[in-house]
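Shown here: input_25.txt, compact mmCIF, C-alpha atoms.
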# COMPACT_ATOMS: atom_id res chain seq x y z
CA GLY A 4 8.91 10.72 -12.73
CA GLY A 5 7.53 8.53 -10.02
CA TRP A 6 7.12 5.30 -11.98
CA TYR A 7 9.14 2.35 -10.69
CA GLN A 8 10.84 0.51 -13.54
CA ALA A 9 10.89 -2.84 -11.71
CA ALA A 10 7.08 -2.87 -11.34
CA ARG A 11 4.31 -4.03 -13.63
CA LEU A 12 2.47 -0.84 -14.53
CA LEU A 13 -1.32 -0.69 -14.46
CA PRO A 14 -2.39 2.97 -14.17
CA SER A 15 -5.37 3.71 -11.94
CA PRO A 16 -7.75 6.61 -12.48
CA ASN A 17 -8.05 6.94 -8.69
CA PHE A 18 -5.45 9.58 -7.85
CA GLY A 19 -4.99 13.31 -7.68
CA ALA A 20 -2.34 15.96 -7.43
CA ARG A 21 -0.45 16.29 -4.18
CA PRO A 22 -0.98 19.63 -2.47
CA ALA A 23 1.64 22.32 -3.01
CA GLY A 24 4.57 21.81 -0.68
CA ALA A 25 3.80 18.15 0.06
CA HIS A 26 6.84 16.45 1.58
CA ILE A 27 6.78 12.74 0.62
CA ASP A 28 8.34 11.30 3.78
CA LEU A 29 6.05 8.42 4.78
CA VAL A 30 5.47 4.88 3.53
CA VAL A 31 2.14 3.36 4.61
CA LEU A 32 1.84 -0.44 4.56
CA HIS A 33 -1.51 -2.12 4.01
CA SER A 34 -2.84 -5.60 3.38
CA ILE A 35 -5.58 -6.58 0.97
CA SER A 36 -7.04 -9.66 -0.67
CA LEU A 37 -10.19 -9.97 -2.71
CA PRO A 38 -12.31 -11.77 -1.84
CA PRO A 39 -10.87 -11.66 1.68
CA GLY A 40 -8.42 -14.51 2.21
CA GLU A 41 -8.26 -15.45 -1.49
CA TYR A 42 -5.04 -14.75 -3.37
CA GLY A 43 -4.08 -14.40 -7.01
CA THR A 44 -7.60 -13.59 -8.20
CA GLY A 45 -6.71 -10.36 -10.04
CA ALA A 46 -9.55 -8.65 -8.17
CA VAL A 47 -7.22 -6.20 -6.38
CA GLN A 48 -5.91 -4.97 -9.72
CA GLN A 49 -9.50 -4.71 -10.95
CA LEU A 50 -10.55 -2.77 -7.85
CA PHE A 51 -7.72 -0.24 -8.19
CA THR A 52 -8.60 0.35 -11.86
CA ASN A 53 -12.39 0.53 -11.37
CA GLN A 54 -12.88 -2.73 -13.31
CA LEU A 55 -14.15 -4.98 -10.50
CA ASP A 56 -17.36 -6.84 -11.26
CA TRP A 57 -19.38 -6.00 -8.14
CA ASP A 58 -21.63 -9.01 -8.72
CA ALA A 59 -18.79 -11.56 -9.01
CA HIS A 60 -18.69 -12.29 -5.27
CA PRO A 61 -21.11 -11.53 -2.39
CA TYR A 62 -18.38 -9.66 -0.46
CA TYR A 63 -18.05 -7.11 -3.25
CA GLN A 64 -21.49 -5.72 -2.44
CA ARG A 65 -19.99 -4.39 0.83
CA ILE A 66 -17.42 -2.34 -1.09
CA ARG A 67 -19.52 -1.59 -4.17
CA GLY A 68 -18.67 1.68 -5.83
CA ILE A 69 -15.57 2.59 -3.82
CA GLU A 70 -12.78 4.26 -5.76
CA VAL A 71 -9.42 3.51 -4.17
CA SER A 72 -5.85 2.96 -5.19
CA ALA A 73 -2.38 2.52 -3.81
CA HIS A 74 0.90 3.33 -5.38
CA PHE A 75 2.01 -0.31 -5.19
CA PHE A 76 0.65 -3.83 -4.68
CA ILE A 77 2.97 -6.76 -3.85
CA THR A 78 1.57 -10.22 -4.60
CA ARG A 79 2.25 -13.34 -2.52
CA ALA A 80 4.93 -14.29 -5.08
CA GLY A 81 6.68 -10.93 -4.63
CA GLU A 82 5.57 -9.39 -7.91
CA ILE A 83 5.29 -5.61 -7.67
CA TRP A 84 2.44 -3.79 -9.44
CA GLN A 85 2.27 0.00 -9.64
CA PHE A 86 -0.99 1.90 -10.09
CA VAL A 87 -0.14 5.53 -9.33
CA ASP A 88 2.93 7.66 -10.07
CA CYS A 89 4.64 8.28 -6.72
CA ASP A 90 4.70 12.00 -7.46
CA GLN A 91 0.88 11.90 -7.38
CA ARG A 92 -1.55 11.34 -4.50
CA ALA A 93 -3.00 7.81 -4.37
CA TRP A 94 -6.24 7.17 -2.48
CA HIS A 95 -5.14 4.59 0.09
CA ALA A 96 -5.07 6.10 3.59
CA GLY A 97 -8.48 7.72 4.07
CA ALA A 98 -9.03 9.60 7.32
CA SER A 99 -5.60 9.42 8.93
CA CYS A 100 -2.95 11.16 11.02
CA TRP A 101 0.79 10.53 11.55
CA ARG A 102 3.73 12.73 12.57
CA GLY A 103 1.25 15.39 13.68
CA ARG A 104 -0.12 15.67 10.15
CA GLY A 105 -3.56 14.66 8.98
CA ASN A 106 -4.62 13.33 5.60
CA CYS A 107 -1.67 11.00 5.08
CA ASN A 108 -2.51 10.54 1.39
CA ASP A 109 -1.00 13.98 0.80
CA ASP A 110 2.57 13.05 1.69
CA SER A 111 2.81 9.26 1.69
CA ILE A 112 3.41 6.36 -0.63
CA GLY A 113 0.96 3.51 -0.14
CA ILE A 114 2.04 -0.10 -0.50
CA GLU A 115 -0.51 -2.91 -0.36
CA LEU A 116 0.63 -6.43 0.46
CA GLU A 117 -1.52 -9.30 -0.75
CA GLY A 118 -2.72 -10.80 2.49
CA LEU A 119 -5.26 -10.77 5.24
CA GLU A 120 -5.01 -8.85 8.50
CA GLY A 121 -3.62 -11.07 11.23
CA LEU A 122 -2.15 -13.68 8.91
CA THR A 123 1.48 -13.96 7.89
CA PHE A 124 3.11 -12.78 4.68
CA GLU A 125 5.49 -14.58 2.31
CA ALA A 126 9.29 -14.29 2.21
CA ALA A 127 9.04 -13.12 -1.42
CA GLN A 128 6.83 -10.23 -0.28
CA TYR A 129 9.31 -9.10 2.38
CA ASP A 130 12.15 -9.30 -0.15
CA ALA A 131 10.22 -7.25 -2.72
CA LEU A 132 9.08 -4.78 -0.06
CA ALA A 133 12.64 -4.25 1.19
CA ARG A 134 13.92 -3.64 -2.37
CA LEU A 135 11.08 -1.25 -3.10
CA CYS A 136 11.50 0.68 0.17
CA THR A 137 15.27 0.91 -0.36
CA ASP A 138 14.70 2.41 -3.81
CA LEU A 139 12.01 4.78 -2.52
CA VAL A 140 14.29 6.01 0.27
CA ALA A 141 16.98 6.69 -2.35
CA HIS A 142 14.57 8.76 -4.46
CA TYR A 143 12.30 10.50 -1.91
CA PRO A 144 12.94 11.97 1.56
CA ILE A 145 11.25 8.96 3.23
CA ARG A 146 11.89 8.96 6.98
CA HIS A 147 8.83 7.18 8.37
CA VAL A 148 7.23 3.76 7.86
CA ALA A 149 3.86 2.93 9.40
CA GLY A 150 0.97 0.54 8.96
CA HIS A 151 -2.56 1.58 8.09
CA GLU A 152 -3.38 0.47 11.63
CA HIS A 153 -0.99 3.15 12.99
CA ILE A 154 -2.25 6.07 10.92
CA ALA A 155 -5.94 5.21 11.35
CA PRO A 156 -6.17 3.44 14.73
CA GLY A 157 -9.59 2.13 15.60
CA ARG A 158 -10.64 2.37 11.95
CA LYS A 159 -8.09 0.09 10.26
CA ILE A 160 -6.22 -3.02 11.43
CA ASP A 161 -3.87 -3.74 8.53
CA PRO A 162 -1.35 -5.04 7.87
CA GLY A 163 -2.04 -6.54 11.30
CA PRO A 164 -0.28 -8.74 13.84
CA GLY A 165 0.90 -11.20 11.17
CA PHE A 166 3.24 -8.59 9.69
CA ASP A 167 6.87 -9.06 10.78
CA TRP A 168 8.00 -5.51 11.58
CA PRO A 169 11.40 -6.59 12.98
CA ARG A 170 12.12 -8.42 9.72
CA LEU A 171 11.46 -5.28 7.66
CA ARG A 172 13.40 -3.07 10.09
CA GLY A 173 16.36 -5.43 9.80
CA ALA A 174 16.22 -5.37 5.99
CA LEU A 175 16.16 -1.56 6.04
CA ALA A 176 18.63 -1.07 8.90
CA ALA A 177 20.90 1.13 6.75
CA ALA A 178 18.11 3.68 6.18
CA PRO A 179 17.46 6.38 8.80
CA LEU A 180 13.78 5.52 9.35
CA ASP A 181 11.35 6.06 12.21
CA TRP A 182 9.06 3.14 13.05
CA PRO A 183 5.80 2.89 14.99
CA ALA A 184 6.21 2.28 18.71
CA GLY A 185 6.05 -1.37 19.65
CA THR A 186 6.86 -2.75 16.21

Please rewrite the model in this file as structure tokens.
Amino acid sequence: GGWYQAARLLPSPNFGARPAGAHIDLVVLHSISLPPGEYGTGAVQQLFTNQLDWDAHPYYQRIRGIEVSAHFFITRAGEIWQFVDCDQRAWHAGASCWRGRGNCNDDSIGIELEGLEGLTFEAAQYDALARLCTDLVAHYPIRHVAGHEHIAPGRKIDPGPGFDWPRLRGALAAAPLDWPAGT
């Protein structure tokens, strides 16, 4: 199936079936930290599994009750967590459009990087991301990589200007991938 053996598994209830004929050809990169700018709190894992204590931090009142997930989450130390089977539809993209197709959740794999929009990411995260993307490309017909900011412009800004697109492109140079313009 779509479970990645190198990841720590923590199944999320926030997923659904992909529509018939979905062609999994897109990786969407995100950034997240909870509370914003704080790392290693475990709150992202709690959010994706509907276990977050909404009263534990004032910021959580702004996101109270949301039910979201991603297929993967990569911590600052490069540890990979998986929440949703890649053959299923995670709830990470929201209103979105890429490659002339709307609703990117239907045919994408969502990867969250622990970080904050505009700030930089760690070498261990890029290394883990490159390994993960290489393995995904070997298993799925992935041909496109984009940020949340590219599939939902004006609504989302992650992973943001601190993400090193040339570094990732260089690590994945052997894969026939399309990248967002200007990255």

Determine, using only C-alpha atoms, which residues of region 37-133 of chain A have any atom at most 6 Å from an atom of region 17-27 of chain A, and tabulate each with its shortest atom pair and distance in Å to one decimal place, rows ordered by chain and then rising number, as JSON lines.
{"residue": "A:Val71", "atom": "CA", "partner": "A:Asn17", "partner_atom": "CA", "distance": 5.8}
{"residue": "A:Ser72", "atom": "CA", "partner": "A:Asn17", "partner_atom": "CA", "distance": 5.7}
{"residue": "A:Gln91", "atom": "CA", "partner": "A:Ala20", "partner_atom": "CA", "distance": 5.2}
{"residue": "A:Arg92", "atom": "CA", "partner": "A:Arg21", "partner_atom": "CA", "distance": 5.1}
{"residue": "A:Ala93", "atom": "CA", "partner": "A:Phe18", "partner_atom": "CA", "distance": 4.6}
{"residue": "A:Trp94", "atom": "CA", "partner": "A:Phe18", "partner_atom": "CA", "distance": 5.9}
{"residue": "A:Asp109", "atom": "CA", "partner": "A:Arg21", "partner_atom": "CA", "distance": 5.5}
{"residue": "A:Asp110", "atom": "CA", "partner": "A:Ile27", "partner_atom": "CA", "distance": 4.4}
{"residue": "A:Ser111", "atom": "CA", "partner": "A:Ile27", "partner_atom": "CA", "distance": 5.4}

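The smallest atom-to-atom distance between Pro16 (chain A) and any of A:Glu70, A:Asp130, A:Asp181, A:Glu125, using all atoms listed in the file, is found for A:Glu70.
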
Could you tell me how far CA of Glu120 (chain A) sits from CA of Asp161 (chain A), in Å to one decimal place? 5.2 Å

Close residues, Leu135 (chain A) itself excluded, 10 Å, all atoms listed in the file, min 4 positions apart in chain, as a PyMOL selection string: chain A and resi 7+9-10+75+77+83+114+129-131+139-141

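In terms of minimum interatomic distance to Trp6 (chain A), A:Val87 ranks closest within A:Ala174, A:Val87, A:Cys100, A:Ile66, counting all atoms listed in the file.
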
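When the distance limit is 9 Å and all atoms listed in the file are what count, the residues near Tyr63 (chain A), minus those fewer than 6 positions from it on the same chain, are Leu37, Pro38, Leu55, Asp56 and Trp57 of chain A.
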
Residues of region 101-185 of chain A within 8 Å of region 39-53 of chain A: nearest atom pair and distance (Å, one decimal) for each, counting all atoms listed in the file, sorted by chain and number, as a Markdown table?
| residue | atom | partner | partner_atom | distance |
| --- | --- | --- | --- | --- |
| A:Glu117 | CA | A:Tyr42 | CA | 7.0 |
| A:Gly118 | CA | A:Gly40 | CA | 6.8 |
| A:Leu119 | CA | A:Gly40 | CA | 5.8 |

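For the atom pair formed by CA of Pro144 (chain A) and CA of Trp168 (chain A), the distance is 20.7 Å, given to one decimal.
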